[in-house]
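Source file: entry.txt; contents: compact mmCIF, C-alpha atoms and all ligand atoms.
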```
# COMPACT_ATOMS: atom_id res chain seq x y z
CA MET T 281 25.44 45.73 -37.87
CA ALA T 282 27.36 46.85 -34.79
CA LYS T 283 31.11 47.47 -35.14
CA TYR T 284 32.01 45.04 -32.34
CA ARG T 285 30.66 41.80 -30.89
CA ILE T 286 31.42 41.66 -27.18
CA ALA T 287 30.92 38.50 -25.11
CA TRP T 288 29.01 39.57 -21.99
CA MET T 289 29.85 37.42 -18.94
CA PRO T 290 28.59 38.78 -15.61
CA GLY T 291 29.43 35.49 -13.86
CA ASP T 292 28.68 35.24 -10.13
CA GLY T 293 27.75 37.51 -7.22
CA VAL T 294 28.61 41.16 -7.61
CA GLY T 295 29.88 40.42 -11.11
CA ASN T 296 26.24 40.98 -12.11
CA ASP T 297 25.99 44.28 -10.22
CA VAL T 298 29.12 45.80 -11.74
CA MET T 299 28.35 44.60 -15.26
CA GLU T 300 24.92 46.28 -15.04
CA ALA T 301 26.76 49.44 -14.00
CA ALA T 302 29.17 49.08 -16.93
CA ARG T 303 26.29 48.85 -19.37
CA ILE T 304 24.91 52.22 -18.22
CA VAL T 305 28.23 53.87 -19.03
CA LEU T 306 28.89 51.98 -22.28
CA ASP T 307 25.46 53.09 -23.49
CA ALA T 308 26.16 56.70 -22.51
CA LEU T 309 29.36 56.52 -24.57
CA LYS T 310 27.31 55.11 -27.48
CA PHE T 311 29.81 52.29 -27.87
CA ASP T 312 28.93 50.61 -31.16
CA ALA T 313 28.67 47.04 -29.91
CA GLU T 314 26.40 44.02 -29.80
CA TYR T 315 26.61 42.26 -26.43
CA ILE T 316 26.37 38.48 -26.58
CA PRO T 317 25.48 36.91 -23.21
CA ALA T 318 27.66 33.94 -22.20
CA ASP T 319 27.27 31.56 -19.26
CA ILE T 320 30.13 31.19 -16.81
CA GLY T 321 30.51 30.50 -13.11
CA TRP T 322 29.35 28.63 -10.08
CA GLU T 323 25.71 28.19 -11.15
CA PHE T 324 26.85 26.22 -14.20
CA TRP T 325 29.21 24.08 -12.17
CA CYS T 326 26.37 23.16 -9.78
CA LYS T 327 23.73 22.59 -12.50
CA GLU T 328 25.84 21.19 -15.34
CA GLY T 329 29.14 20.15 -13.79
CA ASP T 330 30.99 22.67 -15.93
CA PRO T 331 31.58 26.32 -14.94
CA LEU T 332 32.71 27.09 -18.50
CA PRO T 333 30.24 25.29 -20.79
CA GLU T 334 31.21 24.45 -24.39
CA ARG T 335 28.57 26.89 -25.70
CA THR T 336 30.40 29.72 -23.92
CA ILE T 337 33.69 28.81 -25.58
CA LYS T 338 31.88 28.82 -28.93
CA THR T 339 30.41 32.27 -28.20
CA LEU T 340 33.80 33.62 -27.26
CA LYS T 341 35.26 32.38 -30.52
CA GLU T 342 32.60 34.36 -32.39
CA THR T 343 33.29 37.66 -30.63
CA ASP T 344 35.99 40.35 -30.69
CA CYS T 345 36.67 40.18 -26.96
CA ALA T 346 34.88 39.58 -23.66
CA LEU T 347 33.84 41.66 -20.68
CA PHE T 348 33.67 39.61 -17.53
CA GLY T 349 32.38 40.39 -14.01
CA ALA T 350 33.60 37.84 -11.46
CA ILE T 351 33.29 34.21 -10.51
CA THR T 352 33.03 32.26 -7.29
CA SER T 353 35.59 29.49 -6.78
CA LYS T 354 35.53 27.05 -3.88
CA PRO T 355 37.89 24.28 -2.71
CA ARG T 356 37.44 20.79 -4.13
CA ASP T 357 35.34 19.23 -1.34
CA GLU T 358 32.92 22.15 -1.15
CA ALA T 359 32.64 22.18 -4.94
CA ASN T 360 31.74 18.49 -4.95
CA ASP T 361 29.15 18.96 -2.17
CA GLU T 362 27.31 21.61 -4.16
CA LEU T 363 27.09 19.60 -7.39
CA ASP T 364 23.59 18.61 -8.48
CA PRO T 365 22.94 15.11 -7.04
CA SER T 366 22.57 13.68 -10.56
CA LEU T 367 26.18 14.71 -11.32
CA LYS T 368 27.82 13.43 -8.16
CA GLY T 369 30.16 10.43 -8.34
CA LYS T 370 30.88 10.98 -12.04
CA GLY T 371 34.49 12.00 -11.47
CA LEU T 372 33.84 15.69 -12.21
CA SER T 373 36.30 18.06 -10.64
CA TYR T 374 36.06 21.83 -10.39
CA PHE T 375 38.67 23.94 -12.15
CA SER T 376 38.50 27.74 -12.15
CA PRO T 377 36.88 28.80 -15.44
CA ILE T 378 38.93 31.99 -15.61
CA VAL T 379 42.18 30.04 -15.29
CA LYS T 380 40.88 27.68 -17.99
CA LEU T 381 39.93 30.59 -20.24
CA ARG T 382 43.37 32.11 -19.86
CA GLN T 383 45.01 28.83 -20.85
CA MET T 384 42.55 27.87 -23.60
CA PHE T 385 42.73 31.24 -25.40
CA ASN T 386 46.42 31.66 -24.53
CA LEU T 387 45.71 34.95 -22.76
CA HIS T 388 49.35 35.11 -21.77
CA THR T 389 49.44 38.64 -20.42
CA ASN T 390 47.58 39.98 -17.42
CA MET T 391 47.86 43.74 -17.31
CA ARG T 392 46.85 45.57 -14.16
CA PRO T 393 47.20 49.37 -14.00
CA CYS T 394 47.18 50.96 -10.53
CA LYS T 395 46.82 54.72 -10.72
CA ALA T 396 46.02 57.18 -7.95
CA TYR T 397 43.26 59.41 -9.32
CA PRO T 398 43.37 62.88 -7.72
CA GLY T 399 40.78 63.34 -4.99
CA ASN T 400 40.43 59.68 -4.07
CA PRO T 401 40.56 59.74 -0.26
CA LEU T 402 41.80 56.13 -0.32
CA ASN T 403 45.04 56.99 -2.15
CA TYR T 404 48.11 56.05 -0.14
CA ARG T 405 49.88 58.84 -2.01
CA ASP T 406 48.68 60.90 -4.96
CA ASP T 407 51.72 60.27 -7.16
CA ILE T 408 51.33 56.52 -7.72
CA ASP T 409 50.98 55.33 -11.29
CA GLN T 410 52.05 51.73 -11.80
CA VAL T 411 51.27 49.00 -14.30
CA VAL T 412 51.77 45.35 -13.40
CA PHE T 413 52.42 42.80 -16.15
CA ARG T 414 51.66 39.35 -14.79
CA GLU T 415 52.34 36.15 -16.74
CA ASN T 416 48.92 34.60 -16.96
CA THR T 417 49.12 30.96 -18.03
CA GLU T 418 52.16 29.34 -16.40
CA GLY T 419 54.10 29.37 -13.15
CA SER T 420 52.52 28.67 -9.78
CA TYR T 421 48.98 28.84 -11.18
CA GLY T 422 49.62 26.43 -14.06
CA GLY T 423 47.36 23.89 -12.36
CA VAL T 424 49.78 20.93 -12.55
CA GLU T 425 49.20 19.49 -9.10
CA PHE T 426 49.05 16.06 -7.48
CA PHE T 427 47.45 14.53 -4.43
CA PRO T 428 48.11 11.79 -3.57
CA LEU T 429 51.47 11.70 -5.27
CA PRO T 430 51.61 9.20 -8.19
CA GLU T 431 54.45 6.67 -7.99
CA GLU T 432 55.99 7.84 -11.29
CA VAL T 433 56.06 11.45 -10.13
CA TYR T 434 57.58 10.40 -6.80
CA THR T 435 60.28 8.44 -8.62
CA ALA T 436 61.08 11.40 -10.82
CA LEU T 437 61.23 13.76 -7.84
CA CYS T 438 63.63 11.44 -6.06
CA LEU T 439 66.16 12.15 -8.82
CA ASN T 440 66.71 15.40 -6.92
CA PRO T 441 68.66 14.91 -3.65
CA LYS T 442 66.65 17.75 -2.05
CA MET T 443 63.67 15.37 -2.02
CA LYS T 444 65.20 13.61 1.00
CA PRO T 445 62.95 15.15 3.73
CA TRP T 446 59.80 13.76 2.03
CA LYS T 447 61.19 10.39 0.90
CA ASP T 448 59.57 8.36 3.66
CA LYS T 449 56.39 10.33 4.27
CA GLY T 450 54.22 8.07 2.10
CA LEU T 451 52.56 8.91 -1.23
CA ASP T 452 49.20 9.52 0.45
CA ASN T 453 50.71 12.17 2.69
CA ILE T 454 52.31 14.40 0.09
CA ALA T 455 50.61 17.14 -1.94
CA LEU T 456 52.51 18.66 -4.84
CA SER T 457 51.94 21.94 -6.66
CA THR T 458 54.34 22.87 -9.43
CA ARG T 459 55.80 26.09 -10.81
CA ILE T 460 56.46 25.37 -14.45
CA MET T 461 57.86 28.26 -16.48
CA SER T 462 58.94 28.15 -20.12
CA LYS T 463 61.52 30.36 -21.79
CA GLN T 464 58.82 31.36 -24.30
CA GLY T 465 56.43 32.39 -21.51
CA CYS T 466 59.15 34.39 -19.74
CA GLU T 467 60.18 36.12 -22.97
CA SER T 468 56.62 36.99 -23.84
CA ILE T 469 55.74 38.65 -20.51
CA CYS T 470 59.08 40.48 -20.21
CA ARG T 471 58.81 41.76 -23.77
CA GLN T 472 55.22 42.98 -23.21
CA ALA T 473 56.30 44.95 -20.14
CA LEU T 474 59.37 46.42 -21.83
CA ASP T 475 57.45 47.32 -25.00
CA TYR T 476 54.68 48.92 -22.97
CA ALA T 477 57.21 51.01 -21.05
CA LYS T 478 58.96 52.09 -24.24
CA ASN T 479 55.73 52.97 -26.08
CA ASN T 480 54.13 54.82 -23.18
CA GLY T 481 57.00 56.99 -22.00
CA ARG T 482 57.58 54.95 -18.83
CA LYS T 483 60.99 55.16 -17.21
CA ARG T 484 61.51 52.01 -15.22
CA VAL T 485 60.70 48.31 -15.50
CA THR T 486 61.23 46.12 -12.43
CA LEU T 487 61.25 42.34 -12.54
CA VAL T 488 59.71 40.91 -9.36
CA GLU T 489 61.11 37.46 -8.53
CA LYS T 490 62.99 35.38 -5.96
CA PRO T 491 65.84 33.81 -7.93
CA ASN T 492 68.08 33.36 -4.90
CA VAL T 493 65.64 30.70 -3.62
CA LEU T 494 63.62 29.64 -6.66
CA ARG T 495 66.86 29.12 -8.51
CA GLU T 496 65.71 27.38 -11.69
CA THR T 497 62.43 29.13 -12.51
CA GLY T 498 63.46 32.45 -10.97
CA GLY T 499 66.84 32.10 -12.63
CA LEU T 500 65.31 31.52 -16.05
CA ILE T 501 63.06 34.60 -16.06
CA THR T 502 65.88 36.75 -14.63
CA ARG T 503 68.28 35.72 -17.40
CA VAL T 504 65.60 36.32 -20.04
CA PHE T 505 64.75 39.75 -18.58
CA ARG T 506 68.41 40.82 -18.48
CA GLU T 507 69.01 39.69 -22.05
CA LEU T 508 65.90 41.40 -23.45
CA SER T 509 66.57 44.60 -21.49
CA LYS T 510 69.72 45.16 -23.51
CA GLY T 511 67.55 46.03 -26.50
CA TYR T 512 65.70 48.90 -24.76
CA GLY T 513 68.35 51.62 -24.66
CA ASP T 514 67.74 54.20 -21.96
CA LEU T 515 64.98 52.34 -20.17
CA TRP T 516 65.91 51.76 -16.51
CA THR T 517 65.51 48.07 -15.77
CA ASP T 518 66.11 46.42 -12.42
CA GLU T 519 65.11 43.46 -10.26
CA ALA T 520 63.53 43.08 -6.83
CA ASN T 521 62.70 40.09 -4.67
CA ILE T 522 58.98 39.58 -4.05
CA ASP T 523 59.34 39.89 -0.28
CA ALA T 524 61.55 42.98 -0.41
CA ILE T 525 59.34 44.81 -2.87
CA CYS T 526 56.30 44.36 -0.61
CA MET T 527 58.18 46.49 1.92
CA TRP T 528 59.59 48.99 -0.59
CA MET T 529 56.20 49.42 -2.18
CA PHE T 530 54.88 50.74 1.13
CA LYS T 531 57.90 52.91 1.80
CA ASN T 532 58.38 54.42 -1.66
CA PRO T 533 55.59 53.37 -4.02
CA GLN T 534 56.07 56.48 -6.15
CA ASP T 535 59.45 55.14 -7.26
CA TYR T 536 57.94 52.15 -9.07
CA ASP T 537 56.58 52.30 -12.58
CA VAL T 538 56.14 49.12 -14.67
CA LEU T 539 56.42 45.81 -12.82
CA VAL T 540 56.72 42.38 -14.42
CA ALA T 541 56.33 38.99 -12.73
CA GLU T 542 55.29 35.37 -13.08
CA ASN T 543 51.71 34.38 -12.36
CA MET T 544 51.50 34.17 -8.55
CA PHE T 545 54.01 36.90 -7.76
CA GLY T 546 52.20 39.13 -10.24
CA ASP T 547 48.91 38.36 -8.53
CA ILE T 548 50.34 39.25 -5.12
CA ILE T 549 52.09 42.42 -6.20
CA SER T 550 49.08 43.70 -8.13
CA ASP T 551 46.82 43.36 -5.09
CA LEU T 552 49.40 45.26 -3.10
CA CYS T 553 49.54 48.00 -5.76
CA ALA T 554 45.74 48.10 -5.87
CA GLY T 555 45.69 48.64 -2.12
CA LEU T 556 47.77 51.78 -2.58
CA VAL T 557 45.27 53.42 -4.93
CA GLY T 558 41.94 52.62 -3.31
CA GLY T 559 41.69 48.85 -3.13
CA LEU T 560 39.67 46.33 -5.09
CA GLY T 561 37.02 48.92 -5.92
CA PHE T 562 39.54 50.57 -8.29
CA ALA T 563 41.57 47.61 -9.58
CA SER T 564 41.11 46.84 -13.27
CA ALA T 565 42.64 44.03 -15.30
CA ALA T 566 43.02 42.79 -18.87
CA ASN T 567 43.82 39.22 -19.93
CA ILE T 568 45.47 39.66 -23.30
CA GLY T 569 46.45 37.11 -25.92
CA ASP T 570 47.64 37.46 -29.49
CA LYS T 571 44.13 37.47 -30.96
CA TYR T 572 41.65 37.65 -28.10
CA ALA T 573 41.27 39.37 -24.75
CA VAL T 574 39.06 39.06 -21.68
CA PHE T 575 38.60 42.12 -19.50
CA GLU T 576 37.73 41.67 -15.81
CA PRO T 577 38.10 43.68 -12.63
CA THR T 578 40.60 42.20 -10.16
CA HIS T 579 37.98 41.66 -7.47
CA GLY T 580 35.98 38.49 -7.02
CA SER T 581 32.27 37.82 -6.57
CA ALA T 582 32.09 39.24 -2.99
CA PRO T 583 29.16 36.89 -2.21
CA LYS T 584 27.99 38.79 0.86
CA TYR T 585 27.16 41.79 -1.33
CA ASP T 586 25.59 39.78 -4.16
CA GLY T 587 22.66 41.72 -5.68
CA LYS T 588 22.86 44.48 -3.06
CA TYR T 589 24.35 47.05 -5.46
CA VAL T 590 26.75 48.38 -2.84
CA VAL T 591 30.17 47.64 -4.35
CA ASN T 592 32.26 50.14 -6.25
CA PRO T 593 31.82 49.92 -10.04
CA MET T 594 34.99 51.95 -10.76
CA ALA T 595 37.12 48.80 -11.09
CA MET T 596 34.72 47.50 -13.73
CA LEU T 597 34.55 50.88 -15.51
CA LEU T 598 38.34 51.17 -15.57
CA THR T 599 38.34 47.64 -16.99
CA ALA T 600 36.04 48.81 -19.81
CA LYS T 601 38.62 51.55 -20.46
CA LEU T 602 41.28 48.84 -20.91
CA MET T 603 38.97 47.17 -23.42
CA PHE T 604 38.76 50.43 -25.41
CA ASP T 605 42.57 50.71 -25.32
CA TRP T 606 42.93 47.18 -26.68
CA LEU T 607 40.34 47.76 -29.41
CA GLY T 608 42.16 50.94 -30.44
CA GLU T 609 39.15 53.09 -29.48
CA ASP T 610 41.36 55.82 -28.06
CA ASP T 611 38.70 58.51 -28.01
CA LEU T 612 36.29 56.32 -26.03
CA ALA T 613 39.09 55.35 -23.64
CA THR T 614 40.03 58.98 -23.01
CA ARG T 615 36.42 60.09 -22.54
CA LEU T 616 35.66 57.24 -20.16
CA GLU T 617 38.77 57.77 -18.06
CA GLY T 618 38.08 61.51 -17.99
CA ALA T 619 34.53 60.95 -16.70
CA ILE T 620 35.77 58.51 -14.04
CA ALA T 621 38.48 60.94 -12.94
CA ASP T 622 35.92 63.79 -12.73
CA VAL T 623 33.57 61.78 -10.52
CA ILE T 624 36.42 60.76 -8.22
CA LYS T 625 37.74 64.32 -8.01
CA GLU T 626 34.33 65.85 -7.23
CA GLY T 627 33.74 63.20 -4.59
CA LYS T 628 29.98 63.86 -4.48
CA VAL T 629 28.89 60.37 -5.50
CA ALA T 630 30.80 57.39 -4.10
CA THR T 631 30.28 53.89 -2.75
CA TYR T 632 30.80 52.69 0.84
CA ASP T 633 34.49 51.85 0.45
CA VAL T 634 35.33 55.42 -0.57
CA ARG T 635 33.08 56.95 2.07
CA GLY T 636 34.60 54.79 4.81
CA VAL T 637 31.20 53.54 5.99
CA LYS T 638 29.89 50.00 6.28
CA ALA T 639 28.39 48.62 3.10
CA GLY T 640 24.63 49.07 2.99
CA GLN T 641 24.69 51.78 5.70
CA PRO T 642 23.54 55.38 5.05
CA GLY T 643 26.16 57.77 3.73
CA ALA T 644 27.17 55.93 0.59
CA ASN T 645 25.83 55.74 -2.94
CA THR T 646 24.87 52.58 -4.74
CA THR T 647 26.78 50.86 -7.53
CA LEU T 648 24.32 52.12 -10.11
CA GLU T 649 24.24 55.69 -8.78
CA VAL T 650 28.00 55.90 -9.27
CA ALA T 651 27.68 54.51 -12.79
CA GLU T 652 24.93 57.00 -13.60
CA GLU T 653 27.13 59.86 -12.37
CA VAL T 654 29.99 58.67 -14.59
CA ALA T 655 27.52 58.38 -17.49
CA ARG T 656 26.42 62.00 -16.90
CA LYS T 657 30.03 63.20 -17.01
CA VAL T 658 30.84 61.46 -20.29
CA LYS T 659 31.59 64.19 -22.81
N1 LIG Q 701 38.68 36.85 -11.05
C1 LIG Q 701 37.71 36.48 -10.22
O1 LIG Q 701 36.58 36.32 -10.65
C2 LIG Q 701 37.99 36.29 -8.77
C3 LIG Q 701 39.03 36.99 -8.13
C4 LIG Q 701 39.16 36.87 -6.75
C5 LIG Q 701 38.30 36.04 -6.04
N2 LIG Q 701 37.34 35.34 -6.70
C6 LIG Q 701 36.34 34.51 -5.98
O2 LIG Q 701 35.39 35.42 -5.39
C7 LIG Q 701 34.86 34.81 -4.22
C8 LIG Q 701 34.98 35.79 -3.07
O3 LIG Q 701 36.36 35.97 -2.78
P1 LIG Q 701 36.91 37.04 -1.76
O4 LIG Q 701 35.82 37.43 -0.81
O5 LIG Q 701 38.17 36.54 -1.23
O6 LIG Q 701 37.33 38.28 -2.68
P2 LIG Q 701 36.43 39.42 -3.33
O7 LIG Q 701 37.31 40.21 -4.21
O8 LIG Q 701 35.23 38.85 -3.94
O9 LIG Q 701 35.95 40.34 -2.12
C9 LIG Q 701 36.71 40.59 -0.95
C10 LIG Q 701 36.20 41.85 -0.30
O10 LIG Q 701 36.71 42.97 -1.01
C11 LIG Q 701 35.75 43.99 -1.05
N3 LIG Q 701 35.41 44.27 -2.46
C12 LIG Q 701 35.53 43.42 -3.53
N4 LIG Q 701 35.13 44.05 -4.65
C13 LIG Q 701 34.78 45.28 -4.28
C14 LIG Q 701 34.29 46.41 -5.00
N5 LIG Q 701 34.09 46.40 -6.33
N6 LIG Q 701 33.98 47.53 -4.30
C15 LIG Q 701 34.18 47.60 -2.99
N7 LIG Q 701 34.65 46.58 -2.25
C16 LIG Q 701 34.95 45.43 -2.90
C17 LIG Q 701 34.56 43.50 -0.27
O11 LIG Q 701 34.71 43.92 1.07
C18 LIG Q 701 34.70 42.01 -0.36
O12 LIG Q 701 34.05 41.37 0.70
C19 LIG Q 701 35.65 33.51 -4.01
O13 LIG Q 701 34.86 32.45 -4.42
C20 LIG Q 701 36.89 33.70 -4.85
O14 LIG Q 701 37.39 32.46 -5.28
C21 LIG Q 701 37.16 35.47 -8.03
```
Show me the file's structure as structure tokens.
Amino acid sequence: MAKYRIAWMPGDGVGNDVMEAARIVLDALKFDAEYIPADIGWEFWCKEGDPLPERTIKTLKETDCALFGAITSKPRDEANDELDPSLKGKGLSYFSPIVKLRQMFNLHTNMRPCKAYPGNPLNYRDDIDQVVFRENTEGSYGGVEFFPLPEEVYTALCLNPKMKPWKDKGLDNIALSTRIMSKQGCESICRQALDYAKNNGRKRVTLVEKPNVLRETGGLITRVFRELSKGYGDLWTDEANIDAICMWMFKNPQDYDVLVAENMFGDIISDLCAGLVGGLGFASAANIGDKYAVFEPTHGSAPKYDGKYVVNPMAMLLTAKLMFDWLGEDDLATRLEGAIADVIKEGKVATYDVRGVKAGQPGANTTLEVAEEVARKVK
């Protein structure tokens, strides 16, 4: 019997291409795992009205963790249009399966390393090495939204005098998205970031927020961060507003180290960080809970490149490295990262984004060629 059972979820579009690439490298590393295929994504929404079928949840519960490619998500009206005719008019509504997975398995921590590997021509600078800790289940992406606005919600909102500008707009004319943050959620993400910094020799942890405007939610996480920071001795902790840090990150990215933020701000800042070290082709991510984890590259399904094997598999391969870290397979993690770093440094085999050519045009290697080169370098 294999040592690990890994749920295998390619999902949509280029998720399939990069997962095929990952398999080449995992096999070269002789990772002792059984891969259990699990359905997720747009196809299952269209055919079954559920992008995360019950059988997938069952599979996940029977595995150690999951590797995931990407999914396609579309706005409500488009999602309804593409439903199988037999499912239309049944009150089904699309909800992102990855957001659902994060909530259902309480994958409270989204960890996104952004490291400039030497030799990558896309590096903004060569001395960038940041890790973003993004709260993964609450905040702006909590999914508590209303349109039209129910009467009871309207009545509750009117308890706040700042509701005045919308009082007479009419319930059918108001859309509401919420930003609900709990003290527990704030404590958990701040503690993860601080612990990570302490255990990995990092020097600085920066909370990214906007408490001068988002006074209640921003205020809560800021108070929690300040209180927890007191227990981390010499660690340099500070705070930055989300807008200001977008500017500072371009001016002095080398100054930042570990960053911690609520869901949406963490999403924004991690894409910015990814842009500094090569873009989505290099951006890996881990969704981590207390007992389970789902590993996925930051990028989406890039539908225009679906099945063309042109996208960069490095994001997916770096994601597999995060899986090894989480499983405690330190040797595999080191060997995989070493092979990735070697391929980047040599620069002989690279996809279109690294070469600076148009995808599918001559001058770039395919997704699988890059994976095969990494597999060859595995020691
Ligand atoms: N976690 C996820 O699965 C996830 C994340 C983001 C977007 N999405 C979904 O993916 C679909 C497409 O969204 P999008 O086009 O805005 O974002 P995307 O990340 O899929 O792609 C945007 C562009 O980035 C580039 N790119 C992405 N991955 C790359 C890679 N590995 N190598 C090189 N270049 C790469 C391509 O130019 C691509 O067209 C949407 O339906 C969206 O909802 C899913």
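A straight line drawn from atom CA of Asn567 of chain T to atom CA of Asn416 of chain T is 7.5 Å long.
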Across T:Leu616, T:Ala282, T:Ile549, T:Ala350, the smallest distance to Phe530 of chain T, with only C-alpha atoms counted, is shown by T:Ile549
Cut-off 9 Å: closest chain T/ligand LIG 701 (chain Q) atom pairs per residue, using all atoms listed in the file, as a tab-separated table:
```
residue	atom	partner	partner_atom	distance
T:Gly291	CA	Q:LIG701	O1	7.9
T:Asp292	CA	Q:LIG701	O1	8.0
T:Gly293	CA	Q:LIG701	O2	8.1
T:Val294	CA	Q:LIG701	N5	7.7
T:Gly295	CA	Q:LIG701	O1	7.9
T:Val298	CA	Q:LIG701	N5	7.4
T:Gly321	CA	Q:LIG701	O1	8.8
T:Trp322	CA	Q:LIG701	O13	8.8
T:Phe348	CA	Q:LIG701	O1	8.2
T:Gly349	CA	Q:LIG701	O1	6.7
T:Ala350	CA	Q:LIG701	O1	3.4
T:Ile351	CA	Q:LIG701	O1	3.9
T:Thr352	CA	Q:LIG701	O13	3.4
T:Ser353	CA	Q:LIG701	O14	3.8
T:Lys354	CA	Q:LIG701	O13	5.5
T:Pro355	CA	Q:LIG701	O14	8.6
T:Ser376	CA	Q:LIG701	O14	8.4
T:Pro377	CA	Q:LIG701	O1	8.9
T:Ile378	CA	Q:LIG701	N1	6.7
T:Val379	CA	Q:LIG701	N1	8.8
T:Gly559	CA	Q:LIG701	N7	7.4
T:Leu560	CA	Q:LIG701	C13	5.1
T:Gly561	CA	Q:LIG701	N6	3.7
T:Phe562	CA	Q:LIG701	N5	7.1
T:Ala563	CA	Q:LIG701	N5	8.2
T:Glu576	CA	Q:LIG701	N1	6.8
T:Pro577	CA	Q:LIG701	N1	7.0
T:Thr578	CA	Q:LIG701	N1	5.8
T:His579	CA	Q:LIG701	O7	3.6
T:Gly580	CA	Q:LIG701	O8	3.2
T:Ser581	CA	Q:LIG701	O8	4.1
T:Ala582	CA	Q:LIG701	O8	3.3
T:Pro583	CA	Q:LIG701	C8	6.0
T:Lys584	CA	Q:LIG701	O12	6.6
T:Tyr585	CA	Q:LIG701	O12	7.2
T:Val590	CA	Q:LIG701	N6	7.4
T:Val591	CA	Q:LIG701	N6	3.8
T:Asn592	CA	Q:LIG701	N6	3.7
T:Pro593	CA	Q:LIG701	N5	5.6
T:Met594	CA	Q:LIG701	N5	7.2
T:Ala595	CA	Q:LIG701	N5	6.1
T:Met596	CA	Q:LIG701	N5	7.5
T:Thr631	CA	Q:LIG701	C15	7.4
T:Tyr632	CA	Q:LIG701	C15	7.2
T:Asp633	CA	Q:LIG701	C15	5.5
T:Val634	CA	Q:LIG701	C15	8.3
T:Ala639	CA	Q:LIG701	O11	8.1
T:Thr647	CA	Q:LIG701	N6	8.6
```
Which one of T:Val412, T:Asn403, T:Met603, T:Val658 sits closest to Asp551 of chain T if you count all atoms listed in the file? T:Val412
Which residue gives the smallest distance to Ala396 of chain T among T:Val504, T:Cys553, T:Val637, T:Leu451, with only C-alpha atoms counted?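 Under the stated criterion, the closest residue is T:Cys553.
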Shell of 10 Å around Ile337 of chain T, only C-alpha atoms, local chain residues under 5 positions omitted, as an MDAnalysis selection string: chainID T and resid 318:320 332 342 381 384:385
How would segment 397-408 of chain T read, as an mmCIF file, in the frame of the given file, once N, CA and C atoms are built in?
```cif
data_model
loop_
_atom_site.group_PDB
_atom_site.id
_atom_site.type_symbol
_atom_site.label_atom_id
_atom_site.label_comp_id
_atom_site.auth_asym_id
_atom_site.auth_seq_id
_atom_site.Cartn_x
_atom_site.Cartn_y
_atom_site.Cartn_z
ATOM 1 N N TYR T 397 43.994 58.288 -8.717
ATOM 2 C CA TYR T 397 43.260 59.410 -9.320
ATOM 3 C C TYR T 397 43.125 60.516 -8.286
ATOM 4 N N PRO T 398 43.428 61.763 -8.673
ATOM 5 C CA PRO T 398 43.370 62.880 -7.720
ATOM 6 C C PRO T 398 42.002 62.961 -7.041
ATOM 7 N N GLY T 399 42.023 63.184 -5.749
ATOM 8 C CA GLY T 399 40.780 63.340 -4.990
ATOM 9 C C GLY T 399 40.288 62.071 -4.338
ATOM 10 N N ASN T 400 40.881 60.923 -4.692
ATOM 11 C CA ASN T 400 40.430 59.680 -4.070
ATOM 12 C C ASN T 400 40.971 59.634 -2.635
ATOM 13 N N PRO T 401 40.071 59.694 -1.645
ATOM 14 C CA PRO T 401 40.560 59.740 -0.260
ATOM 15 C C PRO T 401 41.285 58.449 0.153
ATOM 16 N N LEU T 402 41.152 57.396 -0.660
ATOM 17 C CA LEU T 402 41.800 56.130 -0.320
ATOM 18 C C LEU T 402 43.229 56.024 -0.858
ATOM 19 N N ASN T 403 43.667 57.039 -1.619
ATOM 20 C CA ASN T 403 45.040 56.990 -2.150
ATOM 21 C C ASN T 403 46.044 56.954 -1.002
ATOM 22 N N TYR T 404 47.017 56.082 -1.120
ATOM 23 C CA TYR T 404 48.110 56.050 -0.140
ATOM 24 C C TYR T 404 48.993 57.276 -0.335
ATOM 25 N N ARG T 405 49.235 57.593 -1.585
ATOM 26 C CA ARG T 405 49.880 58.840 -2.010
ATOM 27 C C ARG T 405 49.223 59.217 -3.327
ATOM 28 N N ASP T 406 49.347 60.475 -3.714
ATOM 29 C CA ASP T 406 48.680 60.900 -4.960
ATOM 30 C C ASP T 406 49.554 60.737 -6.202
ATOM 31 N N ASP T 407 50.827 60.322 -6.005
ATOM 32 C CA ASP T 407 51.720 60.270 -7.160
ATOM 33 C C ASP T 407 52.048 58.826 -7.581
ATOM 34 N N ILE T 408 51.098 57.929 -7.341
ATOM 35 C CA ILE T 408 51.330 56.520 -7.720
ATOM 36 C C ILE T 408 50.701 56.251 -9.082
#
```
